[in-house]
>>> print(open('start05.cif').read())   # mmCIF, C-alpha atoms
data_model
#
loop_
_atom_site.label_atom_id
_atom_site.label_comp_id
_atom_site.auth_asym_id
_atom_site.auth_seq_id
_atom_site.Cartn_x
_atom_site.Cartn_y
_atom_site.Cartn_z
CA MET A 1 0.00 0.00 0.00
CA LYS A 2 2.82 2.34 0.95
CA ASN A 3 4.72 1.58 -2.24
CA ASN A 4 1.60 2.20 -4.39
CA LYS A 5 1.14 5.67 -2.91
CA LEU A 6 4.80 6.46 -3.45
CA LEU A 7 4.68 5.29 -7.07
CA PHE A 8 1.54 7.31 -7.71
CA ARG A 9 3.13 10.48 -6.36
CA THR A 10 6.32 9.84 -8.30
CA ALA A 11 4.35 9.33 -11.50
CA ILE A 12 2.54 12.66 -11.02
CA ILE A 13 5.84 14.49 -10.46
CA VAL A 14 7.41 12.89 -13.54
CA LEU A 15 4.38 13.71 -15.75
CA VAL A 16 4.32 17.36 -14.63
CA ALA A 17 8.06 17.66 -15.24
CA LEU A 18 7.82 16.07 -18.69
CA GLY A 19 4.86 18.30 -19.59
CA GLY A 20 6.81 21.40 -18.60
CA ILE A 21 9.83 20.29 -20.61
CA TYR A 22 7.66 19.58 -23.65
CA LEU A 23 6.06 23.02 -23.46
CA VAL A 24 9.53 24.51 -23.70
CA ILE A 25 11.26 22.30 -26.29
CA GLY A 26 8.29 20.70 -28.08
CA PRO A 27 6.76 21.89 -31.36
CA ARG A 28 3.38 23.62 -31.51
CA THR A 29 2.29 21.35 -34.38
CA SER A 30 1.95 17.57 -34.61
CA PRO A 31 5.34 16.27 -33.38
CA THR A 32 7.68 14.14 -35.49
CA LEU A 33 10.96 12.41 -34.67
CA ALA A 34 12.88 15.22 -36.37
CA ASP A 35 11.43 17.68 -33.85
CA PHE A 36 13.37 16.00 -31.04
CA SER A 37 16.75 16.11 -32.74
CA PHE A 38 19.25 18.79 -31.76
CA ASP A 39 18.27 21.01 -34.70
CA GLY A 40 14.58 20.38 -34.10
CA ILE A 41 14.79 21.26 -30.41
CA LYS A 42 16.81 24.38 -31.26
CA LYS A 43 14.17 25.45 -33.79
CA SER A 44 11.31 24.81 -31.33
CA LEU A 45 13.09 26.83 -28.65
CA SER A 46 13.45 29.79 -31.01
CA GLU A 47 9.74 29.59 -31.88
CA ASN A 48 8.44 29.01 -28.35
CA ILE A 49 10.56 31.62 -26.58
CA SER A 50 10.27 35.14 -27.96
CA LEU A 51 13.44 37.16 -27.51
CA GLY A 52 13.55 40.92 -27.70
CA LEU A 53 15.88 43.11 -29.71
CA ASP A 54 18.45 43.19 -26.88
CA LEU A 55 18.78 39.39 -26.80
CA LYS A 56 18.17 38.35 -30.39
CA GLY A 57 19.45 41.34 -32.32
CA GLY A 58 17.65 42.91 -35.27
CA SER A 59 16.76 46.29 -36.72
CA HIS A 60 15.89 49.53 -34.96
CA LEU A 61 14.15 52.13 -37.14
CA VAL A 62 12.79 55.58 -36.43
CA MET A 63 10.72 56.86 -39.34
CA ARG A 64 8.70 60.00 -39.89
CA VAL A 65 5.50 60.48 -41.82
CA LYS A 66 5.86 63.47 -44.12
CA THR A 67 2.80 65.15 -42.70
CA ASN A 68 3.48 68.42 -44.54
CA GLU A 69 3.19 66.52 -47.82
CA TYR A 70 -0.05 65.02 -46.51
CA LEU A 71 -1.49 68.48 -45.88
CA LYS A 72 -0.29 69.64 -49.29
CA THR A 73 -2.05 66.68 -50.92
CA LEU A 74 -5.25 67.50 -49.04
CA THR A 75 -5.02 71.10 -50.22
CA ASP A 76 -4.38 70.12 -53.85
CA ASN A 77 -7.26 67.64 -53.80
CA ALA A 78 -9.59 70.25 -52.31
CA ALA A 79 -8.59 72.73 -55.02
CA GLN A 80 -9.14 70.09 -57.70
CA GLY A 81 -12.58 69.30 -56.27
CA ALA A 82 -13.49 72.98 -56.20
CA THR A 83 -12.43 73.37 -59.84
CA ILE A 84 -14.56 70.38 -60.85
CA ALA A 85 -17.52 71.86 -58.95
CA ILE A 86 -17.05 75.17 -60.81
CA ARG A 87 -16.87 73.45 -64.21
CA ASP A 88 -19.77 71.05 -63.60
CA GLY A 89 -21.99 73.75 -62.13
CA LYS A 90 -20.92 76.37 -64.68
CA LEU A 91 -20.31 78.79 -61.85
CA PRO A 92 -19.04 82.34 -62.51
CA ALA A 93 -15.53 81.71 -61.15
CA VAL A 94 -12.05 80.79 -62.37
CA GLU A 95 -10.15 77.64 -61.41
CA ALA A 96 -9.31 77.22 -57.73
CA LYS A 97 -5.70 77.93 -56.75
CA PRO A 98 -3.97 75.97 -53.97
CA LEU A 99 -1.26 77.43 -51.73
CA SER A 100 1.02 75.18 -49.67
CA GLU A 101 4.07 76.92 -48.28
CA ASP A 102 5.52 78.22 -44.99
CA GLY A 103 2.94 76.33 -42.95
CA LYS A 104 0.03 77.88 -44.89
CA TYR A 105 -2.49 75.66 -46.66
CA GLU A 106 -5.13 77.57 -48.56
CA VAL A 107 -7.51 77.22 -51.48
CA SER A 108 -8.68 80.43 -53.13
CA VAL A 109 -11.40 80.96 -55.74
CA GLU A 110 -11.89 84.21 -57.64
CA VAL A 111 -15.54 84.87 -58.50
CA THR A 112 -16.07 86.78 -61.74
CA ASP A 113 -19.50 88.06 -60.65
CA PRO A 114 -19.14 89.77 -57.24
CA ALA A 115 -22.88 89.56 -56.66
CA GLN A 116 -22.73 85.75 -56.58
CA VAL A 117 -19.84 85.26 -54.16
CA GLN A 118 -22.06 83.65 -51.52
CA THR A 119 -23.81 81.45 -54.09
CA VAL A 120 -20.53 80.22 -55.56
CA GLY A 121 -19.15 79.41 -52.10
CA ASP A 122 -22.26 77.47 -51.13
CA GLU A 123 -22.27 75.47 -54.38
CA ILE A 124 -18.60 74.55 -54.00
CA LYS A 125 -19.16 73.42 -50.40
CA LYS A 126 -21.85 71.04 -51.62
CA LYS A 127 -19.18 69.13 -53.57
CA VAL A 128 -16.12 69.71 -51.36
CA ASP A 129 -15.95 69.41 -47.57
CA PHE A 130 -14.70 72.88 -46.64
CA VAL A 131 -16.61 72.77 -43.34
CA THR A 132 -14.95 70.15 -41.12
CA ASN A 133 -11.37 71.46 -40.90
CA TRP A 134 -11.28 74.59 -43.03
CA SER A 135 -11.98 78.20 -42.11
CA GLU A 136 -13.57 80.47 -44.73
CA SER A 137 -12.88 84.12 -45.41
CA THR A 138 -13.92 86.51 -48.18
CA SER A 139 -11.99 89.48 -49.52
CA GLY A 140 -13.82 91.30 -52.27
CA SER A 141 -14.60 88.71 -54.94
CA VAL A 142 -12.08 86.12 -53.68
CA ILE A 143 -13.14 83.27 -51.40
CA THR A 144 -10.35 81.64 -49.37
CA TRP A 145 -10.48 78.43 -47.36
CA SER A 146 -7.51 77.84 -45.05
CA LEU A 147 -6.39 75.23 -42.52
CA PRO A 148 -5.88 76.75 -39.04
CA LEU A 149 -2.89 75.59 -36.98
CA GLN A 150 -5.11 73.55 -34.66
CA ALA A 151 -6.66 71.73 -37.62
CA GLN A 152 -3.21 71.14 -39.10
CA ASN A 153 -2.00 69.49 -35.90
CA ARG A 154 -5.12 67.35 -35.69
CA LEU A 155 -4.73 66.18 -39.28
CA LYS A 156 -1.04 65.45 -38.72
CA GLU A 157 -1.89 63.23 -35.76
CA GLN A 158 -4.57 61.46 -37.79
CA ALA A 159 -2.12 60.84 -40.63
CA THR A 160 0.45 59.41 -38.23
CA GLU A 161 -2.12 57.11 -36.60
CA GLN A 162 -3.30 55.94 -40.01
CA ALA A 163 0.28 55.24 -41.09
CA LEU A 164 0.89 53.38 -37.81
CA LYS A 165 -2.06 51.05 -38.42
CA ILE A 166 -1.06 50.40 -42.03
CA ILE A 167 2.55 49.67 -41.06
CA GLU A 168 1.32 47.33 -38.32
CA SER A 169 -0.83 45.35 -40.77
CA ARG A 170 2.06 45.10 -43.23
CA ILE A 171 4.52 43.98 -40.56
CA ASN A 172 2.10 41.37 -39.19
CA ALA A 173 1.44 39.98 -42.66
CA PHE A 174 5.17 39.92 -43.38
CA GLY A 175 5.73 37.63 -40.39
CA VAL A 176 8.02 39.64 -38.12
CA LYS A 177 7.74 38.05 -34.66
CA GLU A 178 7.12 40.24 -31.60
CA PRO A 179 7.85 43.62 -33.24
CA THR A 180 7.76 46.85 -31.25
CA LEU A 181 5.75 49.51 -33.06
CA GLN A 182 4.72 52.75 -31.37
CA ARG A 183 4.54 56.52 -31.66
CA HIS A 184 7.81 58.34 -31.06
CA GLY A 185 8.58 61.94 -30.22
CA SER A 186 5.96 64.68 -29.86
CA ALA A 187 2.34 64.31 -30.90
CA THR A 188 2.82 66.32 -34.11
CA SER A 189 6.31 65.08 -35.04
CA GLY A 190 4.92 62.22 -37.13
CA GLN A 191 7.63 59.88 -35.82
CA ILE A 192 7.16 56.11 -35.48
CA LEU A 193 9.51 53.67 -33.74
CA LEU A 194 9.88 50.14 -35.11
CA GLN A 195 12.04 47.40 -33.63
CA MET A 196 12.21 44.02 -35.41
CA PRO A 197 14.00 41.23 -33.52
CA GLY A 198 15.81 38.66 -35.64
CA VAL A 199 15.03 40.21 -39.04
CA ASP A 200 17.29 38.70 -41.71
CA ASP A 201 16.29 41.06 -44.52
CA PRO A 202 15.64 44.54 -43.10
CA GLU A 203 15.88 46.20 -46.52
CA ARG A 204 12.92 44.20 -47.80
CA VAL A 205 10.93 45.15 -44.70
CA LYS A 206 11.78 48.82 -45.28
CA GLU A 207 10.67 48.58 -48.90
CA LEU A 208 7.47 46.87 -47.82
CA ILE A 209 6.74 49.47 -45.14
CA GLY A 210 7.35 52.51 -47.33
CA SER A 211 6.09 51.19 -50.65
CA GLU A 212 3.20 52.95 -52.31
CA SER A 213 0.00 51.08 -53.03
CA SER A 214 -2.23 53.52 -54.86
CA LEU A 215 -4.66 51.75 -57.19
CA SER A 216 -7.07 53.55 -59.53
CA LEU A 217 -9.38 52.32 -62.27
CA MET A 218 -9.62 55.07 -64.90
CA LYS A 219 -11.19 55.46 -68.33
CA VAL A 220 -8.84 55.76 -71.32
CA ALA A 221 -9.67 59.11 -72.95
CA SER A 222 -9.75 57.83 -76.53
CA ASP A 223 -12.11 55.13 -77.78
CA SER A 224 -9.16 53.30 -79.35
CA PHE A 225 -5.95 51.96 -77.80
CA GLN A 226 -3.84 55.07 -78.41
CA THR A 227 -0.33 55.50 -76.99
CA PHE A 228 2.33 58.17 -77.43
CA ASN A 229 6.09 57.76 -77.51
CA THR A 230 6.74 60.80 -75.31
CA GLU A 231 4.83 62.78 -72.72
CA GLN A 232 5.14 65.89 -74.89
CA GLU A 233 3.31 64.14 -77.74
CA ALA A 234 0.49 63.18 -75.39
CA VAL A 235 0.18 66.75 -74.10
CA ALA A 236 0.26 68.10 -77.69
CA SER A 237 -2.71 65.86 -78.55
CA LEU A 238 -4.69 67.74 -75.89
CA GLY A 239 -3.94 71.10 -77.46
CA GLY A 240 -0.70 71.86 -75.63
CA SER A 241 -2.02 71.74 -72.04
CA VAL A 242 -3.63 69.11 -69.85
CA PRO A 243 -7.21 70.04 -68.88
CA PHE A 244 -8.47 69.53 -65.33
CA ASN A 245 -10.36 66.34 -66.24
CA LYS A 246 -7.47 64.57 -67.98
CA ARG A 247 -4.18 63.01 -66.93
CA VAL A 248 -1.13 61.91 -68.93
CA LEU A 249 0.34 58.75 -67.39
CA PRO A 250 3.19 56.43 -68.34
CA TYR A 251 2.25 53.06 -69.78
CA VAL A 252 4.83 50.28 -69.51
CA GLU A 253 4.37 47.54 -72.06
CA ARG A 254 4.08 44.06 -70.63
CA GLN A 255 7.25 42.06 -71.19
CA ASP A 256 7.12 38.69 -72.88
CA GLY A 257 9.42 35.85 -71.87
CA LYS A 258 12.04 36.63 -74.50
CA THR A 259 12.35 40.28 -73.58
CA ALA A 260 12.46 39.58 -69.86
CA ALA A 261 15.10 36.88 -70.29
CA SER A 262 17.33 39.06 -72.46
CA GLY A 263 17.39 41.82 -69.85
CA GLU A 264 16.17 44.55 -72.21
CA GLU A 265 14.55 47.59 -70.67
CA LYS A 266 10.79 47.85 -70.81
CA GLN A 267 9.45 50.30 -73.36
CA VAL A 268 7.70 53.27 -71.75
CA GLN A 269 4.89 55.00 -73.60
CA TYR A 270 2.19 57.41 -72.51
CA MET A 271 -1.59 57.39 -72.48
CA VAL A 272 -4.27 59.96 -71.74
CA VAL A 273 -6.88 58.99 -69.16
CA GLU A 274 -9.91 60.75 -67.74
CA TYR A 275 -9.97 62.19 -64.23
CA PRO A 276 -11.29 61.55 -61.59
CA ALA A 277 -10.99 57.78 -61.39
CA ILE A 278 -13.97 55.48 -61.66
CA VAL A 279 -12.90 53.59 -58.54
CA GLU A 280 -10.08 54.42 -56.12
CA GLY A 281 -7.97 52.01 -54.12
CA ASN A 282 -9.87 52.65 -50.87
CA GLU A 283 -12.69 50.58 -52.38
CA LEU A 284 -10.39 47.56 -52.64
CA ARG A 285 -11.60 44.55 -50.64
CA ASP A 286 -8.86 41.99 -51.31
CA ALA A 287 -5.81 41.37 -53.48
CA ALA A 288 -3.74 38.22 -54.09
CA ALA A 289 -0.76 37.10 -56.15
CA VAL A 290 -1.73 34.57 -58.83
CA SER A 291 0.63 32.55 -61.01
CA ARG A 292 -0.18 32.64 -64.72
CA THR A 293 2.04 29.82 -65.98
CA GLY A 294 3.53 28.31 -62.84
CA GLN A 295 6.83 30.13 -63.41
CA ASP A 296 8.29 32.27 -60.65
CA SER A 297 8.65 35.29 -62.96
CA ASP A 298 5.12 35.30 -64.38
CA TYR A 299 2.66 36.41 -61.70
CA GLN A 300 -0.26 38.83 -61.77
CA ILE A 301 -2.41 40.51 -59.12
CA SER A 302 -6.05 39.53 -58.75
CA PHE A 303 -8.22 42.02 -56.85
CA SER A 304 -11.81 42.38 -55.71
CA LEU A 305 -13.83 45.44 -54.73
CA LYS A 306 -16.08 46.39 -51.84
CA PRO A 307 -19.85 46.57 -52.51
CA ALA A 308 -19.94 50.35 -53.11
CA GLY A 309 -16.93 50.22 -55.46
CA ALA A 310 -18.30 47.14 -57.23
CA GLN A 311 -21.61 48.91 -57.81
CA ALA A 312 -19.94 51.99 -59.32
CA PHE A 313 -17.58 49.84 -61.39
CA GLY A 314 -20.44 47.66 -62.61
CA GLU A 315 -22.53 50.66 -63.66
CA TRP A 316 -19.59 52.20 -65.54
CA THR A 317 -18.51 49.02 -67.34
CA GLY A 318 -22.13 48.37 -68.30
CA ARG A 319 -22.26 51.76 -70.07
CA ASN A 320 -18.80 51.48 -71.65
CA VAL A 321 -18.63 48.03 -73.25
CA GLY A 322 -16.06 48.12 -76.06
CA LYS A 323 -14.01 50.93 -74.51
CA TYR A 324 -10.69 50.74 -72.71
CA LEU A 325 -10.04 50.74 -68.97
CA ALA A 326 -6.70 51.82 -67.51
CA ILE A 327 -5.55 50.00 -64.38
CA VAL A 328 -3.25 52.53 -62.71
CA LEU A 329 -0.88 51.45 -59.99
CA ASN A 330 1.21 54.08 -58.20
CA GLY A 331 0.76 56.55 -61.05
CA GLU A 332 1.70 54.06 -63.79
CA ILE A 333 -0.66 52.27 -66.15
CA LYS A 334 -0.05 48.55 -65.73
CA SER A 335 -2.63 47.36 -68.24
CA ALA A 336 -5.42 48.79 -70.38
CA PRO A 337 -7.87 46.02 -71.26
CA VAL A 338 -10.96 46.48 -73.39
CA ILE A 339 -14.29 46.13 -71.60
CA LYS A 340 -15.95 43.08 -73.20
CA SER A 341 -18.87 42.84 -70.79
CA GLN A 342 -20.17 44.31 -67.56
CA ILE A 343 -17.80 43.72 -64.63
CA PHE A 344 -18.68 44.25 -61.00
CA ASP A 345 -16.31 43.23 -58.26
CA SER A 346 -13.09 41.74 -59.65
CA GLY A 347 -10.18 42.36 -62.00
CA GLN A 348 -6.49 41.64 -62.66
CA ILE A 349 -3.30 43.67 -62.79
CA GLU A 350 -1.19 42.02 -65.45
CA GLY A 351 2.57 42.19 -65.81
CA ARG A 352 5.62 40.02 -65.41
CA PHE A 353 5.75 40.19 -61.62
CA THR A 354 7.99 37.81 -59.72
CA LYS A 355 6.41 35.80 -56.93
CA LYS A 356 8.01 37.95 -54.23
CA SER A 357 7.13 41.27 -55.87
CA ALA A 358 3.56 40.10 -56.55
CA GLU A 359 3.05 38.96 -52.96
CA ASP A 360 4.53 42.19 -51.58
CA LEU A 361 2.38 44.30 -53.89
CA ALA A 362 -0.78 42.37 -53.01
CA LEU A 363 0.03 42.82 -49.33
CA THR A 364 0.46 46.59 -49.64
CA LEU A 365 -2.74 46.85 -51.65
CA ARG A 366 -4.66 44.95 -48.98
CA SER A 367 -3.28 47.13 -46.20
CA GLY A 368 -4.11 50.35 -48.04
CA ALA A 369 -2.12 53.34 -49.15
CA LEU A 370 -0.01 55.34 -46.72
CA PRO A 371 -1.33 58.87 -46.19
CA ALA A 372 2.13 60.24 -47.06
CA LYS A 373 5.63 59.02 -47.76
CA LEU A 374 8.02 57.99 -45.00
CA GLU A 375 11.55 59.14 -44.32
CA TYR A 376 13.98 57.22 -42.12
CA GLN A 377 15.59 59.40 -39.46
CA GLU A 378 17.44 56.71 -37.52
CA GLU A 379 18.48 53.20 -38.43
CA ARG A 380 20.56 50.80 -36.35
CA THR A 381 21.36 47.13 -36.71
CA VAL A 382 21.73 45.56 -33.27
CA GLY A 383 23.94 42.47 -33.05
CA PRO A 384 22.96 39.47 -30.89
CA SER A 385 26.41 39.08 -29.25
CA LEU A 386 25.36 40.75 -25.98
CA GLY A 387 22.12 38.79 -26.03
CA ALA A 388 23.98 35.52 -26.60
CA ASP A 389 26.20 36.21 -23.58
CA SER A 390 23.16 37.01 -21.45
CA ILE A 391 21.35 33.86 -22.57
CA LYS A 392 24.43 31.73 -21.88
CA ALA A 393 24.88 33.24 -18.41
CA GLY A 394 21.19 32.71 -17.66
CA VAL A 395 21.26 29.06 -18.70
CA GLU A 396 24.41 28.39 -16.66
CA ALA A 397 22.90 30.07 -13.59
CA SER A 398 19.66 28.11 -13.97
CA LEU A 399 21.44 24.78 -14.30
CA GLY A 400 23.75 25.57 -11.39
CA GLY A 401 20.81 26.53 -9.19
CA LEU A 402 18.91 23.37 -10.15
CA VAL A 403 21.87 21.12 -9.31
CA PHE A 404 22.37 22.89 -5.96
CA VAL A 405 18.70 22.46 -5.03
CA LEU A 406 18.78 18.76 -5.94
CA VAL A 407 21.95 18.13 -3.92
CA PHE A 408 20.52 20.03 -0.95
CA MET A 409 17.25 18.08 -1.10
CA LEU A 410 19.06 14.75 -1.31
CA PHE A 411 21.34 15.64 1.61
CA TYR A 412 18.77 17.28 3.86
CA TYR A 413 15.79 14.96 3.23
CA ARG A 414 17.85 11.80 2.62
CA GLY A 415 16.61 10.51 -0.71
CA SER A 416 14.66 13.52 -1.90
CA GLY A 417 12.00 13.16 0.81
CA VAL A 418 11.21 9.47 0.18
CA ASN A 419 12.48 8.34 3.61
CA ALA A 420 10.66 11.24 5.21
CA VAL A 421 7.42 10.13 3.59
CA LEU A 422 7.95 6.53 4.71
CA ARG A 423 8.74 7.65 8.27
CA SER A 424 5.63 9.83 8.27
CA GLU A 425 3.49 6.91 7.17
CA GLU A 426 5.06 4.56 9.74
CA HIS A 427 4.43 7.15 12.48
CA THR A 428 0.81 7.48 11.38
CA SER A 429 0.32 3.69 11.43
CA GLU A 430 1.90 3.40 14.91
CA LEU A 431 -0.35 6.17 16.23
CA GLN A 432 -3.44 4.46 14.84
CA SER A 433 -2.43 1.18 16.57
CA ARG A 434 -2.03 2.93 19.94
CA GLN A 435 -5.44 4.58 19.58
CA TYR A 436 -6.97 1.20 18.85
CA LEU A 437 -5.44 -0.37 22.03
CA VAL A 438 -6.68 2.55 24.19
CA CYS A 439 -10.20 2.11 22.86
CA ARG A 440 -10.17 -1.64 23.66
CA LEU A 441 -8.97 -1.04 27.23
CA LEU A 442 -11.70 1.48 27.84
CA LEU A 443 -14.34 -0.86 26.52
CA GLU A 444 -13.11 -3.73 28.73
#
>>> encode(input="start05.cif", output="structure tokens")
Amino acid sequence: MKNNKLLFRTAIIVLVALGGIYLVIGPRTSPTLADFSFDGIKKSLSENISLGLDLKGGSHLVMRVKTNEYLKTLTDNAAQGATIAIRDGKLPAVEAKPLSEDGKYEVSVEVTDPAQVQTVGDEIKKKVDFVTNWSESTSGSVITWSLPLQAQNRLKEQATEQALKIIESRINAFGVKEPTLQRHGSATSGQILLQMPGVDDPERVKELIGSESSLSLMKVASDSFQTFNTEQEAVASLGGSVPFNKRVLPYVERQDGKTAASGEEKQVQYMVVEYPAIVEGNELRDAAAVSRTGQDSDYQISFSLKPAGAQAFGEWTGRNVGKYLAIVLNGEIKSAPVIKSQIFDSGQIEGRFTKKSAEDLALTLRSGALPAKLEYQEERTVGPSLGADSIKAGVEASLGGLVFVLVFMLFYYRGSGVNAVLRSEEHTSELQSRQYLVCRLLLE
């Protein structure tokens, strides 16, 4: 009976110890024999125990969102929207003029009929949001909308937070383990701190973080597939200047296998497209890299749209069957297919993408476009030598402490407590016998 209890307790101790060891050195998937080899245990340890930048080494980056460029883009877009409102509404005013310099961000509109200044301002505000962040002032026949300093700071913080979320989604999808990503510096500095332990290819991560991912679906201006050899030729076809509702964009011809293998440069031409876009990239729902032929250098991007974007795209393609659609990525036309039938929620970006470039591009498209470009203000590569010394010292101290405790237990308790347990049980049995004899004497 005594031996059974002792075996039971020993079995529990051994099982708990083995379970703890497995949690440390065992894989998180279905185990195989290879997982318990030296290399397998080493790999499992690296996956199960997350080490910081000080122990594992890696990259330390401090980047800054160019918030001034973000405000400039907002101002330019507002001016463009005001000009479109003037043209569409046939308002008595000239084109809106943006101003972005010395911390001033303004949009001014000169009204040709002073009696209709209020009317023109109200009509423009129906198409452009000049109410939320802008302040309005009127001087004679000129209406000016400007961004106050308080609104500028608020928009800068919003841009930094948006960039932080986009960078976080890109880093998580890239697979960096236990990164540190947080705001850095003052609230309006636009700085972001990123630490990536154990990153083997920091340059690729930097490219992925800062890469643009602006997607637009735009109508080709001409009804035929018309390209120009130079940008000047394209502008000349528009009468010498680009109107507000047109854009001249580069079109890079898709390489075939022979051209790509020979290393020849891609031929750049130019096309004229209509502005604004039919659908912008913020209506993108998903994007994925798809192999065309199974070769690593022949991938394309398949994308799908959100319901609102799909509805607008479907209505436009239904009205424009037989015309050409320009798929614009980061300001460059990647393909210009003809619309053969009504299309709602899907499309492809063709081109000879490699697998890595296609996957990176699909990832950036899914995460969305950064509000503004990034600039790197500090970059350090931290080596793991100090961390390796710390880990080695920690392991040696742990093993030494464990051996000391075992020796002390064996010496003090004589057999790791086994004899003590037996003596305790013998004492209990002897006490029970004495109690039994006392009871018998009392009864007699």
>>> resolve_selection(input="start05.cif", expression="the PyMOL selection byres ((chain A and resi 284-293) around 7)", output="PDB file with C-alpha atoms, in the coordinates of the input")
ATOM      1  CA  GLY A 281      -7.970  52.010 -54.120  1.00  0.00           C
ATOM      2  CA  ASN A 282      -9.870  52.650 -50.870  1.00  0.00           C
ATOM      3  CA  GLU A 283     -12.690  50.580 -52.380  1.00  0.00           C
ATOM      4  CA  GLY A 294       3.530  28.310 -62.840  1.00  0.00           C
ATOM      5  CA  GLN A 295       6.830  30.130 -63.410  1.00  0.00           C
ATOM      6  CA  ASP A 298       5.120  35.300 -64.380  1.00  0.00           C
ATOM      7  CA  TYR A 299       2.660  36.410 -61.700  1.00  0.00           C
ATOM      8  CA  GLN A 300      -0.260  38.830 -61.770  1.00  0.00           C
ATOM      9  CA  ILE A 301      -2.410  40.510 -59.120  1.00  0.00           C
ATOM     10  CA  SER A 302      -6.050  39.530 -58.750  1.00  0.00           C
ATOM     11  CA  PHE A 303      -8.220  42.020 -56.850  1.00  0.00           C
ATOM     12  CA  SER A 304     -11.810  42.380 -55.710  1.00  0.00           C
ATOM     13  CA  LEU A 305     -13.830  45.440 -54.730  1.00  0.00           C
ATOM     14  CA  LYS A 306     -16.080  46.390 -51.840  1.00  0.00           C
ATOM     15  CA  ALA A 358       3.560  40.100 -56.550  1.00  0.00           C
ATOM     16  CA  GLU A 359       3.050  38.960 -52.960  1.00  0.00           C
ATOM     17  CA  ALA A 362      -0.780  42.370 -53.010  1.00  0.00           C
ATOM     18  CA  LEU A 365      -2.740  46.850 -51.650  1.00  0.00           C
ATOM     19  CA  ARG A 366      -4.660  44.950 -48.980  1.00  0.00           C
TER      20      ARG A 366
END
>>> resolve_selection(input="start05.cif", expression="the PyMOL selection byres ((chain A and resi 275) around 12)", output="MDAnalysis selection string")
chainID A and resid 80:81 84 216:221 242:249 272:274 276:280 326 328
>>> atom_distance(input="start05.cif", atom1="atom CA of Gln182 of chain A", atom2="atom CA of Glu168 of chain A")
9.4 Å
>>> resolve_selection(input="start05.cif", expression="the PyMOL selection byres ((chain A and resi 41) around 12)", output="ChimeraX atom specification")
/A:21-28,31-40,42-49
>>> closest_residue(input="start05.cif", among="A:Ile349, A:Met409, A:Ala336, A:Leu181", to="Ala163 of chain A", atoms="all atoms listed in the file")
A:Leu181
>>> residues_around(input="start05.cif", residues="segment 59-75 of chain A", least_positions_apart="4", cutoff="7 Å", atoms="only C-alpha atoms", output="number ranges by chain")
A: 79, 98, 100, 105-107, 156, 159-160, 190-197, 199, 202, 371-382
>>> residues_around(input="start05.cif", residues="Thr230 of chain A", least_positions_apart="4", cutoff="10 Å", atoms="all atoms listed in the file", output="PyMOL selection string")
chain A and resi 234-235+250+268-271
>>> closest_residue(input="start05.cif", among="A:Lys206, A:Lys334, A:Lys125, A:Arg170", to="Ala369 of chain A", atoms="all atoms listed in the file")
A:Arg170
>>> closest_residue(input="start05.cif", among="A:Val120, A:Val14, A:Leu147, A:Thr227", to="Thr132 of chain A", atoms="all atoms listed in the file")
A:Leu147
>>> closest_residue(input="start05.cif", among="A:Asp129, A:Glu350, A:Asp76, A:Glu178", to="Leu99 of chain A", atoms="all atoms listed in the file")
A:Asp76
